[in-house]
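Chemist: Quick one, structure26.cif (mmCIF, C-alpha atoms):
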data_entry
loop_
_atom_site.label_atom_id
_atom_site.label_comp_id
_atom_site.auth_asym_id
_atom_site.auth_seq_id
_atom_site.Cartn_x
_atom_site.Cartn_y
_atom_site.Cartn_z
CA MET A 1 -27.02 -14.99 -27.29
CA ASN A 2 -27.52 -16.27 -23.73
CA THR A 3 -30.85 -14.82 -22.61
CA ASP A 4 -29.74 -15.12 -18.97
CA PHE A 5 -27.66 -12.01 -19.60
CA ILE A 6 -30.61 -9.94 -20.85
CA PRO A 7 -32.19 -7.92 -18.02
CA PRO A 8 -35.94 -8.30 -17.57
CA GLN A 9 -38.09 -5.25 -18.18
CA SER A 10 -39.01 -5.12 -14.49
CA ASP A 11 -35.35 -4.64 -13.61
CA LEU A 12 -34.87 -1.98 -16.29
CA ASN A 13 -37.89 -0.17 -14.88
CA ILE A 14 -36.21 0.02 -11.47
CA ARG A 15 -33.11 1.59 -13.04
CA LEU A 16 -35.13 4.03 -15.14
CA ALA A 17 -37.18 5.20 -12.15
CA ARG A 18 -34.02 5.64 -10.07
CA VAL A 19 -32.30 7.76 -12.73
CA GLN A 20 -35.39 9.87 -13.41
CA GLN A 21 -35.82 10.53 -9.70
CA LEU A 22 -32.24 11.82 -9.47
CA LEU A 23 -32.66 13.90 -12.63
CA LYS A 24 -35.85 15.51 -11.33
CA ALA A 25 -34.29 16.21 -7.91
CA ALA A 26 -31.37 17.94 -9.65
CA GLY A 27 -33.75 20.23 -11.51
CA GLY A 28 -33.38 18.66 -14.93
CA ASP A 29 -36.21 18.54 -17.46
CA ALA A 30 -34.52 15.88 -19.58
CA ALA A 31 -31.17 14.27 -20.37
CA LEU A 32 -29.36 13.05 -23.47
CA ILE A 33 -27.35 9.88 -22.84
CA SER A 34 -24.87 8.64 -25.44
CA THR A 35 -22.16 6.50 -23.81
CA ASP A 36 -22.42 2.76 -24.34
CA VAL A 37 -22.13 1.88 -20.65
CA ASN A 38 -25.09 4.07 -19.68
CA ILE A 39 -27.16 3.11 -22.71
CA TYR A 40 -26.64 -0.52 -21.67
CA TYR A 41 -27.58 0.29 -18.07
CA LEU A 42 -30.93 1.77 -19.13
CA THR A 43 -31.82 -0.54 -22.03
CA GLY A 44 -29.89 -3.81 -21.72
CA ILE A 45 -28.39 -3.30 -25.20
CA VAL A 46 -25.83 -1.03 -26.84
CA PHE A 47 -26.52 1.23 -29.80
CA ALA A 48 -24.90 4.29 -31.36
CA GLY A 49 -27.02 7.35 -30.77
CA TYR A 50 -28.85 8.92 -27.83
CA ILE A 51 -31.41 8.13 -25.20
CA TYR A 52 -33.66 11.14 -24.73
CA LEU A 53 -34.67 10.74 -21.10
CA PRO A 54 -37.38 13.06 -19.73
CA ALA A 55 -37.57 13.57 -15.96
CA GLU A 56 -41.04 12.04 -16.23
CA GLY A 57 -42.46 9.72 -18.86
CA GLU A 58 -41.06 7.28 -21.38
CA PRO A 59 -37.62 7.74 -22.97
CA LEU A 60 -36.98 7.90 -26.71
CA TRP A 61 -34.12 6.15 -28.50
CA PHE A 62 -32.44 8.17 -31.25
CA VAL A 63 -30.54 5.41 -33.06
CA ARG A 64 -27.83 5.82 -35.68
CA ARG A 65 -26.70 2.18 -35.68
CA PRO A 66 -27.69 -0.67 -35.87
CA SER A 67 -30.23 -0.05 -38.61
CA ASP A 68 -32.42 -3.05 -37.66
CA LEU A 69 -33.38 -1.75 -34.21
CA LYS A 70 -37.15 -1.19 -34.23
CA GLY A 71 -39.86 -0.17 -31.79
CA GLU A 72 -42.41 2.49 -30.91
CA ARG A 73 -39.85 4.63 -29.13
CA VAL A 74 -37.03 4.07 -31.65
CA ILE A 75 -36.31 6.99 -33.97
CA SER A 76 -33.79 6.65 -36.77
CA ASN A 77 -31.29 9.46 -36.30
CA ARG A 78 -28.38 10.49 -38.53
CA LYS A 79 -27.10 13.46 -36.50
CA PRO A 80 -27.94 15.32 -33.26
CA GLU A 81 -29.15 18.36 -35.20
CA ASP A 82 -32.23 16.30 -36.20
CA ILE A 83 -33.35 15.73 -32.60
CA PRO A 84 -35.35 18.98 -32.13
CA THR A 85 -37.42 18.29 -35.26
CA ALA A 86 -38.15 14.75 -34.10
CA LEU A 87 -39.25 16.03 -30.68
CA LYS A 88 -41.53 18.63 -32.29
CA LYS A 89 -43.24 15.93 -34.41
CA ARG A 90 -44.14 14.16 -31.16
CA ASN A 91 -45.33 17.40 -29.52
CA ILE A 92 -42.46 17.28 -27.04
CA PRO A 93 -41.04 20.73 -26.16
CA VAL A 94 -37.28 21.19 -26.23
CA PRO A 95 -36.27 21.12 -22.56
CA GLU A 96 -35.26 24.30 -20.75
CA THR A 97 -32.81 22.45 -18.48
CA LEU A 98 -30.96 19.65 -20.24
CA PHE A 99 -28.41 17.31 -18.69
CA TRP A 100 -25.79 15.38 -20.65
CA GLU A 101 -22.72 13.29 -19.87
CA THR A 102 -20.28 16.18 -19.68
CA ASP A 103 -17.61 14.05 -17.96
CA GLN A 104 -17.48 11.72 -20.97
CA ILE A 105 -18.62 13.36 -24.22
CA THR A 106 -16.14 15.32 -26.33
CA HIS A 107 -16.10 19.11 -26.40
CA ASN A 108 -17.10 19.01 -30.07
CA GLU A 109 -20.17 16.90 -29.29
CA PHE A 110 -21.07 19.23 -26.43
CA LEU A 111 -20.96 22.23 -28.80
CA ARG A 112 -23.08 20.44 -31.40
CA LEU A 113 -25.73 19.45 -28.86
CA GLU A 114 -25.83 22.91 -27.35
CA ALA A 115 -26.18 24.53 -30.77
CA ALA A 116 -28.91 22.08 -31.82
CA LEU A 117 -31.06 22.23 -28.68
CA HIS A 118 -30.28 25.69 -27.18
CA PRO A 119 -31.07 24.77 -23.56
CA ALA A 120 -31.33 27.65 -21.12
CA ARG A 121 -29.46 25.62 -18.52
CA THR A 122 -27.34 22.47 -18.60
CA GLY A 123 -26.20 19.94 -16.02
CA ASN A 124 -23.88 16.96 -15.60
CA MET A 125 -25.69 13.66 -16.15
CA THR A 126 -22.53 11.57 -15.66
CA SER A 127 -22.48 12.09 -11.90
CA LEU A 128 -26.19 11.28 -11.57
CA LEU A 129 -25.85 8.05 -13.57
CA ARG A 130 -22.84 6.91 -11.55
CA LYS A 131 -24.77 7.65 -8.36
CA ALA A 132 -27.75 5.61 -9.61
CA ARG A 133 -25.49 2.71 -10.60
CA MET A 134 -23.92 2.51 -7.10
CA ILE A 135 -26.96 0.61 -5.78
CA LYS A 136 -27.41 -2.64 -7.66
CA THR A 137 -30.76 -4.21 -8.50
CA PRO A 138 -31.56 -7.85 -7.61
CA TRP A 139 -30.92 -8.95 -11.21
CA GLU A 140 -27.58 -7.12 -11.31
CA ILE A 141 -26.53 -8.82 -8.07
CA GLU A 142 -27.16 -12.23 -9.61
CA GLN A 143 -24.93 -11.25 -12.53
CA PHE A 144 -22.16 -10.50 -10.03
CA ARG A 145 -22.64 -13.89 -8.41
CA PHE A 146 -22.29 -15.63 -11.78
CA SER A 147 -19.12 -13.70 -12.67
CA ALA A 148 -17.58 -14.30 -9.25
CA ALA A 149 -18.21 -18.06 -9.40
CA LYS A 150 -16.63 -18.36 -12.86
CA HIS A 151 -13.77 -16.12 -11.70
CA ALA A 152 -12.97 -18.45 -8.80
CA GLU A 153 -13.23 -21.49 -11.08
CA VAL A 154 -10.55 -20.11 -13.42
CA TYR A 155 -8.25 -19.08 -10.56
CA GLY A 156 -8.38 -22.68 -9.37
CA LEU A 157 -6.83 -23.71 -12.69
CA VAL A 158 -3.94 -21.23 -12.50
CA PRO A 159 -1.30 -23.58 -10.97
CA SER A 160 -1.81 -26.11 -13.78
CA LEU A 161 -1.00 -23.42 -16.39
CA PHE A 162 2.45 -22.55 -15.05
CA ARG A 163 5.68 -23.88 -16.53
CA LYS A 164 9.22 -23.26 -15.34
CA GLY A 165 10.94 -20.76 -17.65
CA MET A 166 7.77 -18.78 -18.33
CA THR A 167 7.80 -15.03 -18.66
CA GLU A 168 5.13 -12.96 -16.97
CA ILE A 169 3.38 -12.23 -20.24
CA ALA A 170 3.46 -15.87 -21.34
CA PHE A 171 1.83 -16.93 -18.07
CA GLN A 172 -0.76 -14.16 -18.38
CA ILE A 173 -1.62 -15.22 -21.94
CA GLU A 174 -2.31 -18.77 -20.74
CA ILE A 175 -4.64 -17.45 -18.04
CA GLU A 176 -6.37 -15.16 -20.53
CA ARG A 177 -6.87 -18.12 -22.88
CA VAL A 178 -8.56 -20.15 -20.17
CA MET A 179 -10.67 -17.20 -19.10
CA ARG A 180 -11.93 -16.72 -22.65
CA LYS A 181 -12.65 -20.44 -23.02
CA ASN A 182 -14.71 -20.24 -19.84
CA GLY A 183 -16.82 -17.35 -21.11
CA SER A 184 -14.91 -14.15 -20.34
CA ILE A 185 -16.09 -11.21 -22.45
CA GLY A 186 -12.43 -10.39 -22.98
CA MET A 187 -12.34 -6.73 -22.06
CA PHE A 188 -13.57 -4.53 -19.27
CA ARG A 189 -14.61 -0.94 -19.01
CA THR A 190 -12.87 1.68 -16.91
CA PHE A 191 -14.15 5.14 -16.10
CA GLY A 192 -11.86 8.07 -16.82
CA ALA A 193 -9.10 8.97 -19.23
CA ASN A 194 -5.77 7.12 -19.38
CA MET A 195 -7.03 3.96 -17.67
CA ASN A 196 -6.21 1.37 -20.32
CA ILE A 197 -5.51 -2.25 -19.46
CA PHE A 198 -6.47 -5.60 -21.00
CA MET A 199 -8.31 -8.23 -18.92
CA GLY A 200 -6.12 -7.76 -15.86
CA SER A 201 -2.61 -7.81 -14.50
CA LEU A 202 0.03 -10.39 -13.57
CA LEU A 203 3.11 -9.18 -11.71
CA SER A 204 6.06 -11.04 -10.25
CA GLY A 205 9.17 -10.11 -8.31
CA LYS A 206 10.71 -6.71 -9.06
CA ASN A 207 8.08 -5.79 -11.65
CA ALA A 208 5.43 -5.52 -8.92
CA ASP A 209 7.29 -2.43 -7.68
CA THR A 210 7.50 -0.70 -11.06
CA PRO A 211 5.49 2.56 -10.87
CA SER A 212 2.83 3.13 -13.53
CA PRO A 213 1.16 6.34 -14.75
CA PHE A 214 -2.27 4.70 -14.38
CA ASP A 215 -4.40 4.94 -11.25
CA PHE A 216 -4.41 1.27 -10.28
CA ALA A 217 -3.28 -0.20 -6.97
CA LEU A 218 -0.19 -1.78 -8.56
CA GLY A 219 1.81 -0.86 -11.63
CA GLY A 220 4.20 -2.95 -13.70
CA ARG A 221 6.32 -2.19 -16.75
CA GLY A 222 4.16 -3.83 -19.40
CA ILE A 223 5.60 -5.05 -22.71
CA HIS A 224 5.49 -1.80 -24.70
CA PRO A 225 6.00 1.90 -23.87
CA CYS A 226 2.52 2.72 -25.21
CA LEU A 227 0.92 0.68 -22.40
CA PRO A 228 3.27 0.86 -19.39
CA ILE A 229 1.40 -1.33 -16.93
CA GLY A 230 1.17 -4.98 -15.99
CA ALA A 231 3.03 -8.07 -17.10
CA SER A 232 6.47 -7.72 -18.65
CA ASP A 233 8.63 -10.09 -20.69
CA ASP A 234 10.77 -10.85 -17.61
CA LEU A 235 11.23 -14.48 -16.58
CA ILE A 236 9.37 -15.44 -13.41
CA ALA A 237 12.19 -16.04 -10.95
CA GLU A 238 12.26 -18.70 -8.29
CA GLY A 239 11.67 -17.24 -4.82
CA SER A 240 9.30 -14.54 -6.07
CA THR A 241 5.57 -14.00 -5.77
CA VAL A 242 3.15 -13.92 -8.68
CA ILE A 243 0.11 -11.76 -7.98
CA ILE A 244 -2.81 -12.25 -10.36
CA ASP A 245 -5.36 -9.44 -10.47
CA PHE A 246 -7.87 -10.20 -13.21
CA THR A 247 -11.42 -9.04 -13.62
CA GLY A 248 -14.19 -11.61 -13.60
CA ASN A 249 -15.99 -10.16 -16.60
CA PHE A 250 -18.11 -13.20 -17.40
CA THR A 251 -21.12 -10.88 -17.50
CA ALA A 252 -21.32 -7.12 -17.91
CA TYR A 253 -21.04 -6.93 -14.10
CA MET A 254 -17.48 -7.53 -12.98
CA SER A 255 -16.03 -9.18 -9.92
CA ASP A 256 -12.53 -8.06 -8.96
CA MET A 257 -10.18 -10.55 -7.30
CA SER A 258 -6.46 -10.85 -6.60
CA ARG A 259 -4.66 -13.98 -5.48
CA VAL A 260 -0.99 -14.69 -4.81
CA TYR A 261 1.12 -17.62 -6.02
CA SER A 262 4.78 -18.36 -5.47
CA PHE A 263 7.46 -19.95 -7.59
CA GLY A 264 9.21 -21.95 -4.92
CA LYS A 265 9.39 -21.01 -1.26
CA LEU A 266 9.35 -17.34 -0.28
CA PRO A 267 11.16 -15.46 2.49
CA GLU A 268 9.16 -15.58 5.71
CA ILE A 269 8.40 -11.84 5.50
CA ALA A 270 6.18 -12.48 2.47
CA TYR A 271 3.93 -14.91 4.34
CA ARG A 272 3.68 -12.52 7.30
CA ALA A 273 2.72 -9.55 5.13
CA HIS A 274 0.22 -11.65 3.20
CA GLN A 275 -1.45 -12.75 6.44
CA VAL A 276 -1.89 -9.09 7.43
CA SER A 277 -3.95 -8.60 4.26
CA VAL A 278 -6.05 -11.71 4.99
CA ASP A 279 -6.62 -10.47 8.54
CA MET A 280 -7.72 -7.08 7.19
CA HIS A 281 -10.42 -8.82 5.16
CA CYS A 282 -11.61 -10.63 8.29
CA ARG A 283 -11.76 -7.33 10.17
CA LEU A 284 -13.64 -5.74 7.29
CA MET A 285 -16.33 -8.43 7.40
CA GLU A 286 -16.58 -8.31 11.19
CA GLU A 287 -16.85 -4.52 11.53
CA THR A 288 -18.58 -3.28 8.38
CA LYS A 289 -22.31 -2.68 8.05
CA PRO A 290 -24.62 -0.28 6.19
CA GLY A 291 -23.81 3.28 7.21
CA THR A 292 -20.08 2.62 7.62
CA ALA A 293 -18.08 5.52 6.21
CA CYS A 294 -15.70 4.63 3.38
CA SER A 295 -13.11 6.97 4.91
CA ASP A 296 -13.34 5.06 8.23
CA ILE A 297 -12.52 1.80 6.45
CA TYR A 298 -9.50 3.41 4.80
CA ASN A 299 -8.21 4.91 8.05
CA ARG A 300 -8.79 1.72 10.03
CA MET A 301 -6.83 -0.37 7.54
CA PHE A 302 -4.06 2.21 7.32
CA ASP A 303 -3.66 1.92 11.11
CA ILE A 304 -3.50 -1.88 10.90
CA ALA A 305 -0.81 -1.66 8.22
CA GLY A 306 1.20 0.69 10.43
CA LYS A 307 0.93 -1.49 13.53
CA SER A 308 1.94 -4.55 11.52
CA GLY A 309 5.28 -2.96 10.61
CA PHE A 310 4.48 -2.86 6.88
CA ALA A 311 3.39 0.77 6.48
CA THR A 312 6.13 1.52 3.93
CA ASN A 313 5.02 -1.48 1.82
CA TYR A 314 1.28 -0.82 2.02
CA MET A 315 -0.48 -0.29 -1.35
CA GLY A 316 2.89 -0.06 -3.07
CA PHE A 317 6.49 0.66 -2.18
CA SER A 318 8.12 3.01 -4.72
CA GLN A 319 4.68 4.47 -5.45
CA GLN A 320 1.74 4.03 -3.08
CA ALA A 321 -1.95 4.12 -4.02
CA LYS A 322 -4.17 6.36 -1.92
CA PHE A 323 -7.16 4.02 -1.79
CA VAL A 324 -7.79 0.51 -0.51
CA GLY A 325 -10.90 -0.38 -2.47
CA HIS A 326 -13.56 0.77 -4.89
CA GLY A 327 -17.01 0.07 -6.19
CA VAL A 328 -17.41 -2.29 -9.14
CA GLY A 329 -20.15 -2.77 -11.68
CA LEU A 330 -20.36 -2.01 -15.38
CA ASP A 331 -17.09 -0.10 -14.88
CA ILE A 332 -14.29 -1.65 -12.88
CA ASN A 333 -13.87 1.62 -10.96
CA GLU A 334 -17.25 2.83 -9.77
CA PRO A 335 -18.16 4.76 -6.65
CA PRO A 336 -17.85 4.50 -3.75
CA VAL A 337 -14.06 4.67 -3.34
CA LEU A 338 -12.50 3.50 -0.08
CA THR A 339 -10.22 6.47 0.44
CA GLU A 340 -9.46 9.00 3.15
CA ARG A 341 -11.24 11.78 1.21
CA SER A 342 -14.52 9.94 0.59
CA ASN A 343 -17.81 11.28 1.98
CA ASP A 344 -19.75 8.15 0.97
CA LEU A 345 -21.43 5.74 3.39
CA LEU A 346 -21.93 2.09 2.48
CA GLN A 347 -25.52 1.21 1.57
CA PRO A 348 -27.26 -2.11 0.92
CA GLY A 349 -26.93 -3.04 -2.74
CA MET A 350 -23.46 -1.58 -3.19
CA VAL A 351 -20.77 -3.93 -4.50
CA VAL A 352 -17.19 -3.06 -3.54
CA ALA A 353 -13.75 -4.54 -4.10
CA PHE A 354 -11.36 -4.41 -1.14
CA GLU A 355 -7.67 -4.83 -1.97
CA PRO A 356 -5.10 -4.27 0.81
CA LYS A 357 -1.77 -5.22 -0.75
CA PHE A 358 1.88 -5.02 0.21
CA VAL A 359 4.85 -4.70 -2.13
CA LEU A 360 8.13 -6.22 -0.96
CA PRO A 361 11.12 -5.12 -3.08
CA ASP A 362 12.74 -7.98 -5.02
CA ILE A 363 10.14 -10.47 -3.71
CA GLY A 364 6.95 -9.08 -5.22
CA ALA A 365 3.44 -8.19 -4.13
CA VAL A 366 1.30 -10.04 -1.59
CA GLY A 367 -2.24 -9.58 -0.36
CA ILE A 368 -5.67 -10.48 -1.65
CA GLU A 369 -8.58 -8.65 -3.21
CA ASN A 370 -12.19 -9.73 -2.81
CA THR A 371 -15.50 -8.40 -4.06
CA TYR A 372 -18.22 -7.89 -1.45
CA LEU A 373 -21.94 -7.19 -1.56
CA VAL A 374 -23.25 -4.80 1.08
CA THR A 375 -26.37 -6.38 2.61
CA ASP A 376 -28.84 -5.17 5.23
CA SER A 377 -26.78 -6.88 7.95
CA GLY A 378 -23.19 -6.50 6.75
CA LEU A 379 -21.02 -7.85 3.93
CA GLU A 380 -21.33 -10.95 1.78
CA LYS A 381 -18.14 -12.20 0.13
CA LEU A 382 -18.79 -12.93 -3.55
CA THR A 383 -15.29 -14.08 -4.59
CA VAL A 384 -14.90 -17.30 -2.62
CA CYS A 385 -11.51 -18.81 -3.45
CA GLU A 386 -8.33 -20.01 -1.67
CA GLU A 387 -6.74 -17.00 0.06
CA GLY A 388 -3.36 -18.33 1.13
CA ILE A 389 -0.20 -18.15 -1.01
CA ILE A 390 -0.28 -21.12 -3.40
CA GLU A 391 3.04 -22.61 -4.52
CA LEU A 392 3.29 -23.20 -8.25
CA ALA A 393 4.55 -26.59 -9.38
CA LYS A 394 7.92 -26.68 -11.14
CA ASN A 395 6.51 -28.27 -14.27
CA GLY A 396 9.01 -28.80 -17.05
#
Output the file's structure as structure tokens, nothing else.

Modeler:
Amino acid sequence: MNTDFIPPQSDLNIRLARVQQLLKAAGGDAALISTDVNIYYLTGIVFAGYIYLPAEGEPLWFVRRPSDLKGERVISNRKPEDIPTALKKRNIPVPETLFWETDQITHNEFLRLEAALHPARTGNMTSLLRKARMIKTPWEIEQFRFSAAKHAEVYGLVPSLFRKGMTEIAFQIEIERVMRKNGSIGMFRTFGANMNIFMGSLLSGKNADTPSPFDFALGGRGIHPCLPIGASDDLIAEGSTVIIDFTGNFTAYMSDMSRVYSFGKLPEIAYRAHQVSVDMHCRLMEETKPGTACSDIYNRMFDIAGKSGFATNYMGFSQQAKFVGHGVGLDINEPPVLTERSNDLLQPGMVVAFEPKFVLPDIGAVGIENTYLVTDSGLEKLTVCEEGIIELAKNG
């Protein structure tokens, strides 16, 4: 295992203190954390079981698997009903107010935990953890930089992977292969139900305008009714765009980047719409600083889209997304969300993806997505890669 991907204890201490501060402020005595993404956030590893996190003091790890995990704070645990006994042996009282990840655990698990621990009051730990994870630590930021650099490296290879006569899914498979060879983990996490997708999305021509049931900026038909999103088995037609929206999951911390390619020359309208997106990114970097409201960004960009004459194509055509960006991290869709309804203000240490896109019927989607770090003075672009439309060679 590459030790560069293992967070130092000093960084884990920052995260632990941040979460405990939020838990204490919310009136919680302790929390039970069981989802892999949040266990990883607090420990740097993944195990099956629970973190017992007091509002003050050291956490305990109740571990079901793996069986070889050892340490002073590690307690072998077969089922949640054993937790109260284990706490009693350590002279730890069962908490009066207990928080758990109620947005993510099943109802059955909730009932078992409640019956085992009998807390007088309960709270939602999911929202507190997502709030803590919005602000990245210095070590986490370096993980983003690594992912973004590898992400750009692979996108630079995309034109060499294309062959005339390829279907969307065949082209996507070639990109996925190269991503894996360059160190991609091969999957990424999403927050929320019904948000399944594998590695990313490649859409060309008419398929870019196919509505999807999933809450992503663009849809696509997919190759099977059980996963109706993304690349299809349609041939990539000459005169259409190919938008590639893959996640740079070369570490646990993901960059998000979209770039546009063309098979042959495109109608002039495609280049004009694409330039509007590029200009939006320039405006974002010029005007955004800590304290900027996410809703202001959304409204400002919506106005630009309207004045450009592409309002009906903005963030979709047949079906339009109601956001223009989102936080990224251990999940691809973290807060804050750049939407009209957001109450969040940008803060230093946040990492956000900004993705103004336009869908042109029969031509395809245009527009870029970049990942940005919010700094004390403004924004730093992490995904540095060619932003114009790149024409794919007609390789035989």

Chemist: Using the chain letters and numbers from the file, which residues does the PyMOL selection byres ((chain A and resi 121) around 9) grab, as a list of chain:residue names?

Modeler: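 Selected by the PyMOL selection byres ((chain A and resi 121) around 9) here: A:Gly28, A:Glu96, A:Thr97, A:Leu98, A:Phe99, A:His118, A:Pro119, A:Ala120, A:Thr122, A:Gly123.
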
Chemist: With distances taken over only C-alpha atoms, which residue among A:Gly264, A:Gly378, A:Gly219, A:Gly367 lies nearest Gly349 in chain A?

Modeler: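 For Gly349 in chain A, the nearest of the candidates is A:Gly378.
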
Chemist: So what does the PyMOL selection byres ((chain A and resi 346) around 7) actually pick up in this one, as a list of chain:residue names?

Modeler: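 That expression, the PyMOL selection byres ((chain A and resi 346) around 7), corresponds here to A:Pro290, A:Gly291, A:Thr292, A:Ala293, A:Cys294, A:Asp344, A:Leu345, A:Gln347, A:Pro348, A:Met350.
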
Chemist: Excluding Lys70 in chain A and any residue of its chain fewer than 6 positions from it, enumerate the residues within 12 Å of it, using all atoms listed in the file, and give them as a ChimeraX atom specification.

Modeler: /A:47,60-64,76

Chemist: Assuming 5 Å of padding per side, give the centre and edge lengths of the axis-aligned box around every listed atom of range 85-103 of chain A, in Å to one decimal and as lines of an AutoDock Vina configuration file.

Modeler:
center_x = -31.5
center_y = 18.8
center_z = -26.6
size_x = 37.7
size_y = 21.0
size_z = 27.3

Chemist: On this structure, which residues satisfy the PyMOL selection byres ((chain A and resi 151) around 10), written as a list in words?

Modeler: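 When the PyMOL selection byres ((chain A and resi 151) around 10) is applied to the shown file, the picked residues are Arg145, Phe146, Ser147, Ala148, Ala149, Lys150, Ala152, Glu153, Val154, Tyr155, Gly156, Met179, Asn182, Gly183, Ser184, Phe246, Thr247, Gly248, Asn249, Phe250, Met254, Ser255, Asp256, Met257, Thr383, Val384 and Cys385 of chain A.
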
Chemist: What does the structure give for the distance between CA of Ile75 in chain A and CA of Pro95 in chain A, in Å to one decimal?

Modeler: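 Atom-to-atom, CA of Ile75 in chain A and CA of Pro95 in chain A are spaced 18.2 Å apart.
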
Chemist: Would you list the contacts of Lys206 in chain A as an mmCIF file with C-alpha atoms, keeping the file's coordinate frame, taking every protein, DNA or RNA residue within 9 Å and counting all atoms listed in the file, but skipping same-chain residues closer than 4 positions in sequence?

Modeler:
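That gives us out.cif:
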data_model
loop_
_atom_site.group_PDB
_atom_site.id
_atom_site.type_symbol
_atom_site.label_atom_id
_atom_site.label_comp_id
_atom_site.auth_asym_id
_atom_site.auth_seq_id
_atom_site.Cartn_x
_atom_site.Cartn_y
_atom_site.Cartn_z
ATOM 1 C CA THR A 210 7.500 -0.700 -11.060
ATOM 2 C CA GLY A 220 4.200 -2.950 -13.700
ATOM 3 C CA SER A 240 9.300 -14.540 -6.070
ATOM 4 C CA LEU A 360 8.130 -6.220 -0.960
ATOM 5 C CA PRO A 361 11.120 -5.120 -3.080
ATOM 6 C CA ASP A 362 12.740 -7.980 -5.020
ATOM 7 C CA ILE A 363 10.140 -10.470 -3.710
ATOM 8 C CA GLY A 364 6.950 -9.080 -5.220
ATOM 9 C CA ALA A 365 3.440 -8.190 -4.130
#

Chemist: Please provide as a ChimeraX atom specification all residues within 6 Å of Gly327 in chain A, with the sequence filter that same-chain residues fewer than 4 positions apart are discarded (counting all atoms listed in the file).

Modeler: /A:333-336,351-352

Chemist: Between CA of Ile332 in chain A and CA of Arg189 in chain A, what is the distance, to one decimal in Å?

Modeler: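 Atom-to-atom, CA of Ile332 in chain A and CA of Arg189 in chain A are spaced 6.2 Å apart.
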
Chemist: Please provide the set of residues having any atom within 12 Å of Phe323 in chain A, restricted to only C-alpha atoms, with same-chain residues fewer than 3 positions apart removed, written as number ranges by chain.

Modeler: A: 215-218, 294-299, 301-302, 314-316, 320, 326-327, 333, 336-342, 353-357

Chemist: Which is closer to Val37 in chain A than all the others in A:Ile185, A:Ala55, A:Ile92, A:Leu129, using all atoms listed in the file?

Modeler: A:Leu129

Chemist: Extract range 31-35 of chain A from the coordinates I pasted, and write it as a JSON list (two decimals), in the first residue's frame (atoms kept: all heavy atoms).

Modeler:
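Below you can see out-v2.json, which holds the result:
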[["chain", "number", "residue", "atom", "x", "y", "z"],
["A", 31, "ALA", "N", -21.60, 9.89, 19.74],
["A", 31, "ALA", "CA", -22.15, 9.48, 18.46],
["A", 31, "ALA", "C", -21.66, 8.08, 18.13],
["A", 31, "ALA", "O", -20.58, 7.67, 18.57],
["A", 31, "ALA", "CB", -21.74, 10.44, 17.36],
["A", 32, "LEU", "N", -22.48, 7.35, 17.38],
["A", 32, "LEU", "CA", -22.07, 6.07, 16.80],
["A", 32, "LEU", "C", -21.99, 6.26, 15.29],
["A", 32, "LEU", "O", -22.96, 6.66, 14.65],
["A", 32, "LEU", "CB", -23.07, 4.96, 17.14],
["A", 32, "LEU", "CG", -22.90, 4.26, 18.48],
["A", 32, "LEU", "CD1", -23.99, 3.20, 18.64],
["A", 32, "LEU", "CD2", -21.53, 3.61, 18.61],
["A", 33, "ILE", "N", -20.82, 5.95, 14.73],
["A", 33, "ILE", "CA", -20.57, 6.18, 13.31],
["A", 33, "ILE", "C", -20.25, 4.84, 12.66],
["A", 33, "ILE", "O", -19.37, 4.12, 13.12],
["A", 33, "ILE", "CB", -19.40, 7.17, 13.13],
["A", 33, "ILE", "CG1", -19.79, 8.51, 13.76],
["A", 33, "ILE", "CG2", -19.04, 7.32, 11.66],
["A", 33, "ILE", "CD1", -18.62, 9.45, 13.95],
["A", 34, "SER", "N", -20.98, 4.50, 11.58],
["A", 34, "SER", "CA", -20.86, 3.16, 11.00],
["A", 34, "SER", "C", -20.64, 3.14, 9.50],
["A", 34, "SER", "O", -20.34, 2.08, 8.95],
["A", 34, "SER", "CB", -22.09, 2.33, 11.33],
["A", 34, "SER", "OG", -23.27, 2.94, 10.82],
["A", 35, "THR", "N", -20.80, 4.27, 8.79],
["A", 35, "THR", "CA", -20.63, 4.24, 7.35],
["A", 35, "THR", "C", -19.15, 4.30, 6.98],
["A", 35, "THR", "O", -18.36, 4.98, 7.65],
["A", 35, "THR", "CB", -21.37, 5.41, 6.67],
["A", 35, "THR", "OG1", -20.86, 6.63, 7.17],
["A", 35, "THR", "CG2", -22.87, 5.32, 6.94]]
